[in-house]
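Asker: Below is target.pdb; it holds PDB, C-alpha atoms (C1' of nucleotides).
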ATOM      1  CA  MET I   1     124.317 -20.924 -21.926
ATOM      2  CA  TRP I   2     122.255 -21.242 -18.710
ATOM      3  CA  GLU I   3     121.005 -18.674 -16.458
ATOM      4  CA  VAL I   4     117.952 -19.185 -14.325
ATOM      5  CA  MET I   5     114.859 -17.257 -15.366
ATOM      6  CA  LYS I   6     114.658 -13.866 -13.722
ATOM      7  CA  GLN I   7     111.928 -11.328 -14.290
ATOM      8  CA  GLN I   8     114.638  -8.978 -15.520
ATOM      9  CA  PRO I   9     117.285 -10.483 -17.791
ATOM     10  CA  VAL I  10     121.009 -10.225 -17.041
ATOM     11  CA  HIS I  11     123.231  -7.964 -19.126
ATOM     12  CA  PRO I  12     127.007  -8.297 -19.270
ATOM     13  CA  ASP I  13     129.329  -5.485 -18.217
ATOM     14  CA  ILE I  14     130.113  -3.859 -21.558
ATOM     15  CA  ASP I  15     133.830  -3.740 -20.755
ATOM     16  CA  GLU I  16     133.961  -7.502 -20.439
ATOM     17  CA  VAL I  17     132.568  -8.076 -23.901
ATOM     18  CA  LEU I  18     135.235  -9.171 -26.389
ATOM     19  CA  PRO I  19     135.349  -8.251 -30.076
ATOM     20  CA  ALA I  20     135.287 -11.895 -31.145
ATOM     21  CA  ASP I  21     132.087 -12.443 -29.123
ATOM     22  CA  VAL I  22     130.454  -9.468 -30.795
ATOM     23  CA  PHE I  23     131.303 -10.674 -34.281
ATOM     24  CA  ALA I  24     130.177 -14.196 -33.472
ATOM     25  CA  ALA I  25     126.840 -12.769 -32.350
ATOM     26  CA  LEU I  26     126.553 -10.898 -35.647
ATOM     27  CA  GLY I  27     127.297 -14.001 -37.668
ATOM     28  CA  ASP I  28     123.706 -15.033 -38.229
ATOM     29  CA  PRO I  29     121.141 -13.597 -40.660
ATOM     30  CA  ILE I  30     118.246 -13.659 -38.186
ATOM     31  CA  ARG I  31     120.277 -11.748 -35.619
ATOM     32  CA  LEU I  32     121.345  -9.224 -38.245
ATOM     33  CA  GLY I  33     117.668  -8.910 -39.121
ATOM     34  CA  ILE I  34     116.796  -8.148 -35.520
ATOM     35  CA  LEU I  35     119.585  -5.590 -35.442
ATOM     36  CA  VAL I  36     118.595  -3.691 -38.576
ATOM     37  CA  SER I  37     114.950  -3.728 -37.562
ATOM     38  CA  LEU I  38     115.852  -2.354 -34.149
ATOM     39  CA  ALA I  39     118.000   0.316 -35.764
ATOM     40  CA  ALA I  40     115.159   1.280 -38.086
ATOM     41  CA  PHE I  41     112.822   1.780 -35.118
ATOM     42  CA  ASP I  42     115.360   3.032 -32.635
ATOM     43  CA  GLU I  43     113.648   6.314 -32.014
ATOM     44  CA  VAL I  44     111.087   4.042 -30.384
ATOM     45  CA  ASP I  45     112.718   2.831 -27.181
ATOM     46  CA  LYS I  46     109.975   0.282 -26.837
ATOM     47  CA  VAL I  47     109.998  -2.489 -29.392
ATOM     48  CA  ARG I  48     108.279  -5.639 -28.160
ATOM     49  CA  CYS I  49     110.229  -8.884 -28.402
ATOM     50  CA  GLY I  50     107.075 -10.340 -29.870
ATOM     51  CA  SER I  51     107.291  -7.983 -32.846
ATOM     52  CA  PHE I  52     109.829 -10.252 -34.483
ATOM     53  CA  THR I  53     107.746 -13.368 -35.124
ATOM     54  CA  GLU I  54     108.029 -12.733 -38.854
ATOM     55  CA  LEU I  55     111.693 -13.654 -38.514
ATOM     56  CA  ALA I  56     111.450 -16.865 -36.466
ATOM     57  CA  SER I  57     109.391 -18.835 -33.935
ATOM     58  CA  PRO I  58     109.085 -17.387 -30.410
ATOM     59  CA  SER I  59     111.404 -19.980 -28.975
ATOM     60  CA  LEU I  60     114.061 -19.445 -31.609
ATOM     61  CA  LEU I  61     113.755 -15.701 -31.203
ATOM     62  CA  SER I  62     114.364 -16.078 -27.513
ATOM     63  CA  TYR I  63     117.577 -17.913 -28.306
ATOM     64  CA  HIS I  64     118.752 -15.217 -30.695
ATOM     65  CA  PHE I  65     117.784 -12.424 -28.290
ATOM     66  CA  ALA I  66     119.982 -14.067 -25.681
ATOM     67  CA  LYS I  67     122.949 -14.153 -28.068
ATOM     68  CA  LEU I  68     122.625 -10.467 -28.857
ATOM     69  CA  ARG I  69     122.150  -9.596 -25.209
ATOM     70  CA  GLU I  70     125.157 -11.644 -24.082
ATOM     71  CA  ALA I  71     127.282  -9.887 -26.693
ATOM     72  CA  GLY I  72     126.393  -6.525 -25.182
ATOM     73  CA  ILE I  73     124.541  -5.385 -28.278
ATOM     74  CA  THR I  74     121.003  -5.255 -26.943
ATOM     75  CA  ARG I  75     119.132  -4.658 -23.711
ATOM     76  CA  VAL I  76     115.874  -6.328 -22.685
ATOM     77  CA  ARG I  77     113.471  -4.866 -20.167
ATOM     78  CA  ALA I  78     110.516  -6.785 -18.733
ATOM     79  CA  GLU I  79     107.398  -4.742 -18.177
ATOM     80  CA  GLY I  80     104.406  -6.683 -16.981
ATOM     81  CA  THR I  81     103.760  -9.576 -19.308
ATOM     82  CA  VAL I  82     105.730  -8.024 -22.147
ATOM     83  CA  ARG I  83     109.426  -7.589 -22.918
ATOM     84  CA  PHE I  84     110.996  -4.702 -24.764
ATOM     85  CA  ILE I  85     114.267  -4.945 -26.628
ATOM     86  CA  SER I  86     116.544  -2.067 -27.570
ATOM     87  CA  LEU I  87     120.104  -1.311 -28.659
ATOM     88  CA  ARG I  88     122.726  -0.559 -26.006
ATOM     89  CA  ARG I  89     123.771   2.338 -28.202
ATOM     90  CA  GLU I  90     125.736   4.687 -25.942
ATOM     91  CA  GLU I  91     127.573   2.023 -23.962
ATOM     92  CA  PHE I  92     128.377  -0.051 -27.001
ATOM     93  CA  ASP I  93     129.595   2.998 -28.928
ATOM     94  CA  ARG I  94     131.848   3.953 -26.074
ATOM     95  CA  ARG I  95     133.339   0.462 -25.961
ATOM     96  CA  PHE I  96     133.627  -0.016 -29.734
ATOM     97  CA  PRO I  97     133.482   3.416 -31.365
ATOM     98  CA  GLY I  98     132.023   3.470 -34.839
ATOM     99  CA  LEU I  99     131.509  -0.264 -35.068
ATOM    100  CA  LEU I 100     127.767  -0.469 -34.602
ATOM    101  CA  ASP I 101     127.040   2.152 -37.236
ATOM    102  CA  SER I 102     129.094   0.433 -39.837
ATOM    103  CA  VAL I 103     127.676  -2.981 -38.995
ATOM    104  CA  ILE I 104     124.126  -1.655 -39.235
ATOM    105  CA  GLU I 105     124.883   0.077 -42.531
ATOM    106  CA  THR I 106     126.386  -3.110 -43.898
ATOM    107  CA  ALA I 107     123.400  -5.201 -42.874
ATOM    108  CA  ARG I 108     120.861  -2.571 -43.883
ATOM    109  CA  ARG I 109     122.198  -2.418 -47.440
ATOM    110  CA  ASP I 110     122.107  -6.155 -47.980
ATOM    111  CA  PRO I 111     119.006  -7.904 -49.260
ATOM    112  CA  SER I 112     120.020 -11.193 -47.612
ATOM    113  CA  VAL I 113     119.204  -9.681 -44.225
ATOM    114  CA  PRO I 114     115.522 -10.113 -43.307
ATOM    115  CA  ARG I 115     113.417  -7.323 -41.837
ATOM    116  CA  ILE I 116     110.147  -6.883 -39.999
ATOM    117  CA  SER I 117     107.494  -4.572 -41.378
ATOM    118  CA  ASN I 118     106.647  -2.620 -38.228
ATOM    119  CA  PRO I 119     107.404  -2.756 -34.499
ATOM    120  CA  GLY I 120     103.815  -3.729 -33.647
TER
ATOM    121  CA  MET C 121     135.084 -27.261 -46.381
ATOM    122  CA  TRP C 122     137.237 -29.624 -48.570
ATOM    123  CA  GLU C 123     137.974 -28.134 -51.950
ATOM    124  CA  VAL C 124     140.575 -30.197 -53.752
ATOM    125  CA  MET C 125     144.125 -28.940 -53.430
ATOM    126  CA  LYS C 126     145.067 -26.540 -56.223
ATOM    127  CA  GLN C 127     148.340 -24.743 -56.622
ATOM    128  CA  GLN C 128     146.403 -21.491 -56.458
ATOM    129  CA  PRO C 129     143.602 -21.309 -53.906
ATOM    130  CA  VAL C 130     140.019 -20.424 -54.887
ATOM    131  CA  HIS C 131     138.547 -17.068 -53.941
ATOM    132  CA  PRO C 132     134.834 -16.349 -53.865
ATOM    133  CA  ASP C 133     133.250 -13.663 -56.022
ATOM    134  CA  ILE C 134     133.056 -10.755 -53.604
ATOM    135  CA  ASP C 135     129.463 -10.008 -54.588
ATOM    136  CA  GLU C 136     128.361 -13.442 -53.448
ATOM    137  CA  VAL C 137     129.739 -12.976 -49.953
ATOM    138  CA  LEU C 138     127.010 -12.324 -47.377
ATOM    139  CA  PRO C 139     127.338 -10.070 -44.329
ATOM    140  CA  ALA C 140     126.524 -12.915 -41.946
ATOM    141  CA  ASP C 141     129.364 -14.983 -43.436
ATOM    142  CA  VAL C 142     131.784 -12.115 -42.967
ATOM    143  CA  PHE C 143     130.842 -11.647 -39.313
ATOM    144  CA  ALA C 144     130.984 -15.374 -38.662
ATOM    145  CA  ALA C 145     134.513 -15.378 -40.063
ATOM    146  CA  LEU C 146     135.433 -12.519 -37.735
ATOM    147  CA  GLY C 147     134.035 -14.303 -34.711
ATOM    148  CA  ASP C 148     137.272 -15.930 -33.624
ATOM    149  CA  PRO C 149     140.236 -14.377 -31.801
ATOM    150  CA  ILE C 150     142.876 -16.114 -33.903
ATOM    151  CA  ARG C 151     141.285 -14.877 -37.113
ATOM    152  CA  LEU C 152     141.028 -11.366 -35.707
ATOM    153  CA  GLY C 153     144.693 -11.685 -34.823
ATOM    154  CA  ILE C 154     145.551 -12.602 -38.389
ATOM    155  CA  LEU C 155     143.500  -9.643 -39.591
ATOM    156  CA  VAL C 156     145.099  -7.002 -37.360
ATOM    157  CA  SER C 157     148.565  -8.352 -38.102
ATOM    158  CA  LEU C 158     147.869  -8.195 -41.825
ATOM    159  CA  ALA C 159     146.544  -4.676 -41.468
ATOM    160  CA  ALA C 160     149.643  -3.647 -39.534
ATOM    161  CA  PHE C 161     151.903  -4.906 -42.336
ATOM    162  CA  ASP C 162     149.630  -4.092 -45.236
ATOM    163  CA  GLU C 163     152.116  -1.869 -46.982
ATOM    164  CA  VAL C 164     153.909  -5.185 -47.479
ATOM    165  CA  ASP C 165     151.856  -7.048 -50.059
ATOM    166  CA  LYS C 166     153.855 -10.136 -49.270
ATOM    167  CA  VAL C 167     153.240 -11.630 -45.849
ATOM    168  CA  ARG C 168     154.041 -15.334 -45.714
ATOM    169  CA  CYS C 169     151.341 -17.627 -44.330
ATOM    170  CA  GLY C 170     154.095 -19.159 -42.258
ATOM    171  CA  SER C 171     154.636 -15.876 -40.428
ATOM    172  CA  PHE C 172     151.690 -16.614 -38.179
ATOM    173  CA  THR C 173     152.935 -19.650 -36.286
ATOM    174  CA  GLU C 174     153.020 -17.589 -33.097
ATOM    175  CA  LEU C 175     149.229 -17.629 -33.261
ATOM    176  CA  ALA C 176     148.558 -21.321 -33.909
ATOM    177  CA  SER C 177     149.923 -24.562 -35.379
ATOM    178  CA  PRO C 178     150.432 -24.700 -39.166
ATOM    179  CA  SER C 179     147.470 -26.973 -39.655
ATOM    180  CA  LEU C 180     145.138 -24.826 -37.566
ATOM    181  CA  LEU C 181     146.367 -21.711 -39.347
ATOM    182  CA  SER C 182     145.497 -23.312 -42.653
ATOM    183  CA  TYR C 183     141.954 -23.845 -41.381
ATOM    184  CA  HIS C 184     141.620 -20.233 -40.264
ATOM    185  CA  PHE C 185     143.144 -18.901 -43.489
ATOM    186  CA  ALA C 186     140.476 -20.813 -45.393
ATOM    187  CA  LYS C 187     137.709 -19.225 -43.320
ATOM    188  CA  LEU C 188     139.000 -15.724 -43.967
ATOM    189  CA  ARG C 189     139.505 -16.464 -47.638
ATOM    190  CA  GLU C 190     136.012 -17.954 -48.057
ATOM    191  CA  ALA C 191     134.534 -14.865 -46.418
ATOM    192  CA  GLY C 192     136.165 -12.670 -49.053
ATOM    193  CA  ILE C 193     138.407 -10.949 -46.528
ATOM    194  CA  THR C 194     141.789 -12.229 -47.643
ATOM    195  CA  ARG C 195     143.574 -13.409 -50.762
ATOM    196  CA  VAL C 196     146.254 -16.100 -50.895
ATOM    197  CA  ARG C 197     148.820 -16.377 -53.659
ATOM    198  CA  ALA C 198     151.126 -19.366 -54.080
ATOM    199  CA  GLU C 199     154.635 -18.519 -55.200
ATOM    200  CA  GLY C 200     156.998 -21.444 -55.396
ATOM    201  CA  THR C 201     157.013 -23.296 -52.139
ATOM    202  CA  VAL C 202     155.614 -20.374 -50.210
ATOM    203  CA  ARG C 203     152.178 -18.772 -49.872
ATOM    204  CA  PHE C 204     151.486 -15.102 -49.352
ATOM    205  CA  ILE C 205     148.356 -13.780 -47.710
ATOM    206  CA  SER C 206     146.935 -10.283 -48.056
ATOM    207  CA  LEU C 207     143.744  -8.308 -47.517
ATOM    208  CA  ARG C 208     141.256  -7.990 -50.387
ATOM    209  CA  ARG C 209     141.097  -4.298 -49.526
ATOM    210  CA  GLU C 210     139.677  -2.590 -52.612
ATOM    211  CA  GLU C 211     137.136  -5.252 -53.509
ATOM    212  CA  PHE C 212     135.977  -5.716 -49.945
ATOM    213  CA  ASP C 213     135.680  -1.972 -49.413
ATOM    214  CA  ARG C 214     133.595  -1.637 -52.534
ATOM    215  CA  ARG C 215     131.267  -4.418 -51.372
ATOM    216  CA  PHE C 216     131.052  -3.319 -47.715
ATOM    217  CA  PRO C 217     132.137   0.321 -47.517
ATOM    218  CA  GLY C 218     133.739   1.331 -44.248
ATOM    219  CA  LEU C 219     133.303  -2.031 -42.597
ATOM    220  CA  LEU C 220     136.849  -3.347 -42.759
ATOM    221  CA  ASP C 221     138.355  -0.192 -41.291
ATOM    222  CA  SER C 222     136.066  -0.199 -38.332
ATOM    223  CA  VAL C 223     136.521  -3.924 -37.730
ATOM    224  CA  ILE C 224     140.297  -3.539 -37.843
ATOM    225  CA  GLU C 225     140.181  -0.550 -35.500
ATOM    226  CA  THR C 226     137.986  -2.475 -33.090
ATOM    227  CA  ALA C 227     140.289  -5.488 -33.092
ATOM    228  CA  ARG C 228     143.457  -3.409 -33.034
ATOM    229  CA  ARG C 229     142.399  -1.571 -29.882
ATOM    230  CA  ASP C 230     141.549  -4.689 -27.946
ATOM    231  CA  PRO C 231     144.179  -6.550 -25.926
ATOM    232  CA  SER C 232     142.285  -9.846 -26.243
ATOM    233  CA  VAL C 233     143.278 -10.007 -29.904
ATOM    234  CA  PRO C 234     146.678 -11.693 -30.392
ATOM    235  CA  ARG C 235     149.343 -10.288 -32.695
ATOM    236  CA  ILE C 236     152.510 -11.441 -34.400
ATOM    237  CA  SER C 237     155.738  -9.531 -33.866
ATOM    238  CA  ASN C 238     156.874  -9.211 -37.481
ATOM    239  CA  PRO C 239     155.941 -10.568 -40.908
ATOM    240  CA  GLY C 240     159.104 -12.687 -41.156
TER
ATOM    241  C1'  DC V 241     166.733 -38.876 -58.099
ATOM    242  C1'  DG V 242     166.031 -38.087 -52.880
ATOM    243  C1'  DA V 243     165.846 -35.186 -48.861
ATOM    244  C1'  DC V 244     163.764 -31.160 -47.205
ATOM    245  C1'  DA V 245     160.662 -27.111 -46.235
ATOM    246  C1'  DA V 246     156.154 -24.908 -46.410
ATOM    247  C1'  DT V 247     151.700 -25.727 -46.381
ATOM    248  C1'  DT V 248     147.403 -28.183 -46.928
ATOM    249  C1'  DT V 249     144.442 -32.222 -46.361
ATOM    250  C1'  DC V 250     142.401 -35.897 -43.714
ATOM    251  C1'  DA V 251     140.334 -38.216 -39.827
ATOM    252  C1'  DA V 252     139.003 -37.882 -35.349
ATOM    253  C1'  DT V 253     137.563 -35.505 -31.134
ATOM    254  C1'  DG V 254     134.513 -32.821 -28.057
ATOM    255  C1'  DA V 255     132.159 -28.431 -27.952
ATOM    256  C1'  DT V 256     128.956 -25.322 -29.600
ATOM    257  C1'  DC V 257     125.443 -23.939 -32.988
ATOM    258  C1'  DG V 258     120.736 -23.270 -34.963
ATOM    259  C1'  DT V 259     116.339 -25.331 -34.916
ATOM    260  C1'  DT V 260     112.091 -27.704 -33.281
ATOM    261  C1'  DG V 261     108.353 -28.657 -30.278
ATOM    262  C1'  DA V 262     106.651 -29.421 -25.831
ATOM    263  C1'  DA V 263     106.704 -27.783 -21.186
ATOM    264  C1'  DT V 264     107.134 -24.058 -17.980
ATOM    265  C1'  DC V 265     106.788 -19.538 -15.916
ATOM    266  C1'  DA V 266     105.035 -15.001 -15.012
ATOM    267  C1'  DT V 267     101.519 -11.632 -15.412
ATOM    268  C1'  DG V 268      97.053  -9.636 -16.196
ATOM    269  C1'  DC V 269      92.085 -10.297 -16.361
ATOM    270  C1'  DG V 270      87.514 -12.488 -16.142
TER
ATOM    271  C1'  DC O 271      90.869 -18.614  -8.388
ATOM    272  C1'  DG O 272      91.448 -20.267 -13.399
ATOM    273  C1'  DC O 273      92.570 -19.178 -17.947
ATOM    274  C1'  DA O 274      94.806 -16.783 -21.700
ATOM    275  C1'  DT O 275      99.010 -14.296 -23.354
ATOM    276  C1'  DG O 276     103.903 -13.278 -23.890
ATOM    277  C1'  DA O 277     107.940 -15.126 -23.527
ATOM    278  C1'  DT O 278     111.584 -18.250 -21.806
ATOM    279  C1'  DT O 279     113.363 -22.914 -20.751
ATOM    280  C1'  DC O 280     114.309 -27.734 -21.642
ATOM    281  C1'  DA O 281     115.541 -31.780 -24.211
ATOM    282  C1'  DA O 282     116.697 -33.461 -28.304
ATOM    283  C1'  DC O 283     118.597 -33.460 -33.142
ATOM    284  C1'  DG O 284     121.941 -33.080 -36.834
ATOM    285  C1'  DA O 285     125.334 -29.693 -38.466
ATOM    286  C1'  DT O 286     129.221 -27.108 -38.023
ATOM    287  C1'  DC O 287     133.105 -25.495 -35.197
ATOM    288  C1'  DA O 288     137.950 -25.285 -33.330
ATOM    289  C1'  DT O 289     141.618 -28.209 -32.413
ATOM    290  C1'  DT O 290     145.059 -32.043 -32.794
ATOM    291  C1'  DG O 291     148.300 -34.923 -35.011
ATOM    292  C1'  DA O 292     149.551 -37.728 -38.766
ATOM    293  C1'  DA O 293     149.755 -38.082 -43.762
ATOM    294  C1'  DA O 294     149.948 -36.077 -48.235
ATOM    295  C1'  DT O 295     151.187 -32.405 -51.516
ATOM    296  C1'  DT O 296     154.087 -29.170 -53.977
ATOM    297  C1'  DG O 297     158.177 -27.117 -55.131
ATOM    298  C1'  DT O 298     163.425 -26.415 -54.306
ATOM    299  C1'  DC O 299     167.935 -27.748 -54.095
ATOM    300  C1'  DG O 300     171.839 -30.972 -53.508
TER
END
What would you get if you wrote out this structure as structure tokens?
Answerer:
Amino acid sequence: MWEVMKQQPVHPDIDEVLPADVFAALGDPIRLGILVSLAAFDEVDKVRCGSFTELASPSLLSYHFAKLREAGITRVRAEGTVRFISLRREEFDRRFPGLLDSVIETARRDPSVPRISNPG
Amino acid sequence: MWEVMKQQPVHPDIDEVLPADVFAALGDPIRLGILVSLAAFDEVDKVRCGSFTELASPSLLSYHFAKLREAGITRVRAEGTVRFISLRREEFDRRFPGLLDSVIETARRDPSVPRISNPG
DNA sequence: CGACAATTTCAATGATCGTTGAATCATGCG
DNA sequence: CGCATGATTCAACGATCATTGAAATTGTCG
């Protein structure tokens, strides 16, 4: 999974992302939790990566953020000492129309998917 | 994954299936291939498990069928020496409204997902 | 019964996964 | 500069994954 540390993380070309990779990335409750939380706060384009420590340890979060990013689902932007994570809404919707909405709805409705209380 | 051999395979209660399990089951190109092929022939309630040998060896297919079945996506019915596989459409749609359609559309549109030529 | 067909199970393999904790890196601030 | 903060990387672990090929199972038909 390696990729030398860069101040700005690398995002895949959305057209190179395959459906199976997307679903694999969604196949984990913590990652679904990140997704629904992001969707809930998506008017805010700035949700700190550190807002998710209720869901997992910083190091584990970093791992899950990478999975979502590599699947083309999220974008991460470094700004000073902080990183902001957001959905790649428009691009992803163009590539896989309708999918993200129905995934988010599915996850949002299910109590097995964890959530964070606020985007801190 | 074992589950002693029974003439009729075991299907999970659809309400016990979790979103993360569903997505994990969808996170493989062969399984997506099975899904889109099933959807393409879904007017036919009787698609033989053996119709999918273009996608993988019999033993590997059996493994993938089990994953789809355990995720509540498909149903398998033994009839004599043959097994028929089908989508658990109504139940799955009740549990996760809209999801299956958008997953199938996503997989159907993508050339990376393999297909079988006919249900034999 | 015995041969055969369709399918699953089993055992083994290497690859990847999710998780942990310690180490590292980058940035901002005194 | 030196230290604290936010976050990623690294190394290690046991668990699960996808795949293979051989063996077992079930049912059909002569």
Asker: Using the chain letters and numbers from this file, what does the PyMOL selection byres ((chain V) within 8 of (chain I)) select? Give the answer as a PyMOL selection string.
Answerer: chain V and resi 259+266-268
Asker: Taking the file as shown, find all residues satisfying the PyMOL selection byres ((chain O) within 8 of (chain C)) and write them as an MDAnalysis selection string.
Answerer: chainID O and resid 289 296:298
Asker: For the residues selected in the previous step, produce a file with C-alpha atoms (C1' of nucleotides) as an mmCIF file, keeping the file's coordinate frame.
Answerer:
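Contents of again.cif, freshly written:
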data_model
loop_
_atom_site.group_PDB
_atom_site.id
_atom_site.type_symbol
_atom_site.label_atom_id
_atom_site.label_comp_id
_atom_site.auth_asym_id
_atom_site.auth_seq_id
_atom_site.Cartn_x
_atom_site.Cartn_y
_atom_site.Cartn_z
ATOM 1 C "C1'" DT O 289 141.618 -28.209 -32.413
ATOM 2 C "C1'" DT O 296 154.087 -29.170 -53.977
ATOM 3 C "C1'" DG O 297 158.177 -27.117 -55.131
ATOM 4 C "C1'" DT O 298 163.425 -26.415 -54.306
#
Asker: Would you work out the distance separating atom CA of I:Gly50 from atom C1' of O:DG272, expressed in Å to one decimal?
Answerer: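 Distance reported for this atom pair: 24.8 Å.
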Asker: Tell me which residues the PyMOL selection byres ((chain I) within 7 of (chain C)) grabs here, as a list in words.
Answerer: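 So the PyMOL selection byres ((chain I) within 7 of (chain C)), applied here, picks out Pro19, Ala20, Asp21, Phe23, Ala24, Leu26, Gly27, Asp28, Pro29, Phe96, Gly98, Leu99, Ser102, Val103, Thr106 and Ala107 of chain I.
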Asker: Could you check how far atom CA of C:Phe204 sits from atom C1' of O:DT290, in Å to one decimal?
Answerer: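 These atoms are spaced 24.5 Å apart.
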Asker: Which residues, written as a ChimeraX atom specification, have at least one atom at most 9 Å from O:DA294, with only C-alpha atoms (C1' of nucleotides) counted and residues fewer than 4 positions away on the same chain left out?
Answerer: /V:248-250
Asker: If you measure from atom CA of C:Arg197 to atom CA of C:Pro234, what distance in Å do you get, rounded to one decimal?
Answerer: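 Between atom CA of C:Arg197 and atom CA of C:Pro234 the gap is 23.8 Å.
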Asker: Fit chain I to chain C, using all C-alpha atoms paired in sequence order for the least-squares superposition, and then show me the result as a tab-separated table (two decimals) with C-alpha atoms, in the coordinates of the input.
Answerer:
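Saved as superposed20.tsv:
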chain	number	residue	atom	x	y	z
I	1	MET	CA	134.42	-27.26	-46.43
I	2	TRP	CA	136.17	-29.29	-49.17
I	3	GLU	CA	137.91	-28.19	-52.16
I	4	VAL	CA	140.63	-30.22	-53.78
I	5	MET	CA	144.16	-28.89	-53.39
I	6	LYS	CA	145.12	-26.55	-56.20
I	7	GLN	CA	148.42	-24.76	-56.50
I	8	GLN	CA	146.45	-21.52	-56.41
I	9	PRO	CA	143.63	-21.33	-53.88
I	10	VAL	CA	140.06	-20.45	-54.86
I	11	HIS	CA	138.58	-17.09	-53.92
I	12	PRO	CA	134.85	-16.38	-53.85
I	13	ASP	CA	133.26	-13.70	-56.02
I	14	ILE	CA	133.08	-10.78	-53.60
I	15	ASP	CA	129.47	-10.05	-54.58
I	16	GLU	CA	128.39	-13.48	-53.44
I	17	VAL	CA	129.76	-13.02	-49.96
I	18	LEU	CA	127.03	-12.37	-47.38
I	19	PRO	CA	127.34	-10.11	-44.34
I	20	ALA	CA	126.54	-12.96	-41.95
I	21	ASP	CA	129.39	-15.02	-43.44
I	22	VAL	CA	131.80	-12.14	-42.95
I	23	PHE	CA	130.85	-11.67	-39.32
I	24	ALA	CA	131.01	-15.39	-38.66
I	25	ALA	CA	134.54	-15.39	-40.07
I	26	LEU	CA	135.45	-12.53	-37.73
I	27	GLY	CA	134.05	-14.33	-34.72
I	28	ASP	CA	137.29	-15.93	-33.62
I	29	PRO	CA	140.26	-14.37	-31.79
I	30	ILE	CA	142.92	-16.10	-33.90
I	31	ARG	CA	141.30	-14.87	-37.10
I	32	LEU	CA	141.04	-11.35	-35.70
I	33	GLY	CA	144.71	-11.66	-34.82
I	34	ILE	CA	145.57	-12.58	-38.39
I	35	LEU	CA	143.51	-9.64	-39.59
I	36	VAL	CA	145.10	-7.00	-37.37
I	37	SER	CA	148.56	-8.33	-38.10
I	38	LEU	CA	147.87	-8.19	-41.82
I	39	ALA	CA	146.54	-4.66	-41.47
I	40	ALA	CA	149.64	-3.62	-39.55
I	41	PHE	CA	151.88	-4.90	-42.36
I	42	ASP	CA	149.62	-4.10	-45.26
I	43	GLU	CA	152.07	-1.85	-47.00
I	44	VAL	CA	153.89	-5.14	-47.50
I	45	ASP	CA	151.85	-7.03	-50.07
I	46	LYS	CA	153.85	-10.12	-49.27
I	47	VAL	CA	153.26	-11.60	-45.86
I	48	ARG	CA	154.07	-15.30	-45.70
I	49	CYS	CA	151.38	-17.61	-44.33
I	50	GLY	CA	154.14	-19.13	-42.26
I	51	SER	CA	154.67	-15.84	-40.43
I	52	PHE	CA	151.72	-16.59	-38.18
I	53	THR	CA	152.99	-19.64	-36.29
I	54	GLU	CA	153.06	-17.58	-33.10
I	55	LEU	CA	149.27	-17.61	-33.26
I	56	ALA	CA	148.60	-21.31	-33.90
I	57	SER	CA	149.97	-24.54	-35.38
I	58	PRO	CA	150.45	-24.68	-39.17
I	59	SER	CA	147.49	-26.96	-39.62
I	60	LEU	CA	145.18	-24.81	-37.53
I	61	LEU	CA	146.40	-21.71	-39.32
I	62	SER	CA	145.53	-23.31	-42.61
I	63	TYR	CA	142.01	-23.83	-41.35
I	64	HIS	CA	141.66	-20.22	-40.24
I	65	PHE	CA	143.18	-18.90	-43.47
I	66	ALA	CA	140.52	-20.81	-45.37
I	67	LYS	CA	137.74	-19.23	-43.29
I	68	LEU	CA	139.02	-15.73	-43.95
I	69	ARG	CA	139.52	-16.48	-47.63
I	70	GLU	CA	136.04	-17.98	-48.04
I	71	ALA	CA	134.56	-14.88	-46.41
I	72	GLY	CA	136.19	-12.69	-49.05
I	73	ILE	CA	138.42	-10.96	-46.53
I	74	THR	CA	141.80	-12.24	-47.63
I	75	ARG	CA	143.60	-13.42	-50.74
I	76	VAL	CA	146.28	-16.11	-50.88
I	77	ARG	CA	148.84	-16.38	-53.64
I	78	ALA	CA	151.15	-19.37	-54.07
I	79	GLU	CA	154.65	-18.55	-55.20
I	80	GLY	CA	156.99	-21.48	-55.41
I	81	THR	CA	157.01	-23.33	-52.12
I	82	VAL	CA	155.63	-20.36	-50.20
I	83	ARG	CA	152.21	-18.76	-49.85
I	84	PHE	CA	151.51	-15.09	-49.33
I	85	ILE	CA	148.38	-13.77	-47.69
I	86	SER	CA	146.94	-10.28	-48.04
I	87	LEU	CA	143.75	-8.30	-47.51
I	88	ARG	CA	141.27	-7.99	-50.38
I	89	ARG	CA	141.09	-4.31	-49.52
I	90	GLU	CA	139.67	-2.60	-52.60
I	91	GLU	CA	137.13	-5.27	-53.51
I	92	PHE	CA	135.98	-5.74	-49.95
I	93	ASP	CA	135.67	-1.99	-49.40
I	94	ARG	CA	133.59	-1.67	-52.52
I	95	ARG	CA	131.26	-4.44	-51.36
I	96	PHE	CA	131.05	-3.35	-47.72
I	97	PRO	CA	132.13	0.29	-47.52
I	98	GLY	CA	133.73	1.30	-44.26
I	99	LEU	CA	133.30	-2.06	-42.59
I	100	LEU	CA	136.84	-3.36	-42.75
I	101	ASP	CA	138.33	-0.20	-41.28
I	102	SER	CA	136.05	-0.22	-38.33
I	103	VAL	CA	136.52	-3.93	-37.73
I	104	ILE	CA	140.30	-3.55	-37.83
I	105	GLU	CA	140.16	-0.56	-35.49
I	106	THR	CA	137.98	-2.49	-33.09
I	107	ALA	CA	140.29	-5.49	-33.08
I	108	ARG	CA	143.45	-3.40	-33.02
I	109	ARG	CA	142.38	-1.57	-29.87
I	110	ASP	CA	141.55	-4.70	-27.94
I	111	PRO	CA	144.17	-6.55	-25.93
I	112	SER	CA	142.29	-9.85	-26.24
I	113	VAL	CA	143.29	-10.01	-29.90
I	114	PRO	CA	146.69	-11.66	-30.39
I	115	ARG	CA	149.36	-10.27	-32.70
I	116	ILE	CA	152.54	-11.40	-34.40
I	117	SER	CA	155.75	-9.49	-33.87
I	118	ASN	CA	156.90	-9.17	-37.48
I	119	PRO	CA	155.95	-10.53	-40.91
I	120	GLY	CA	159.13	-12.62	-41.13
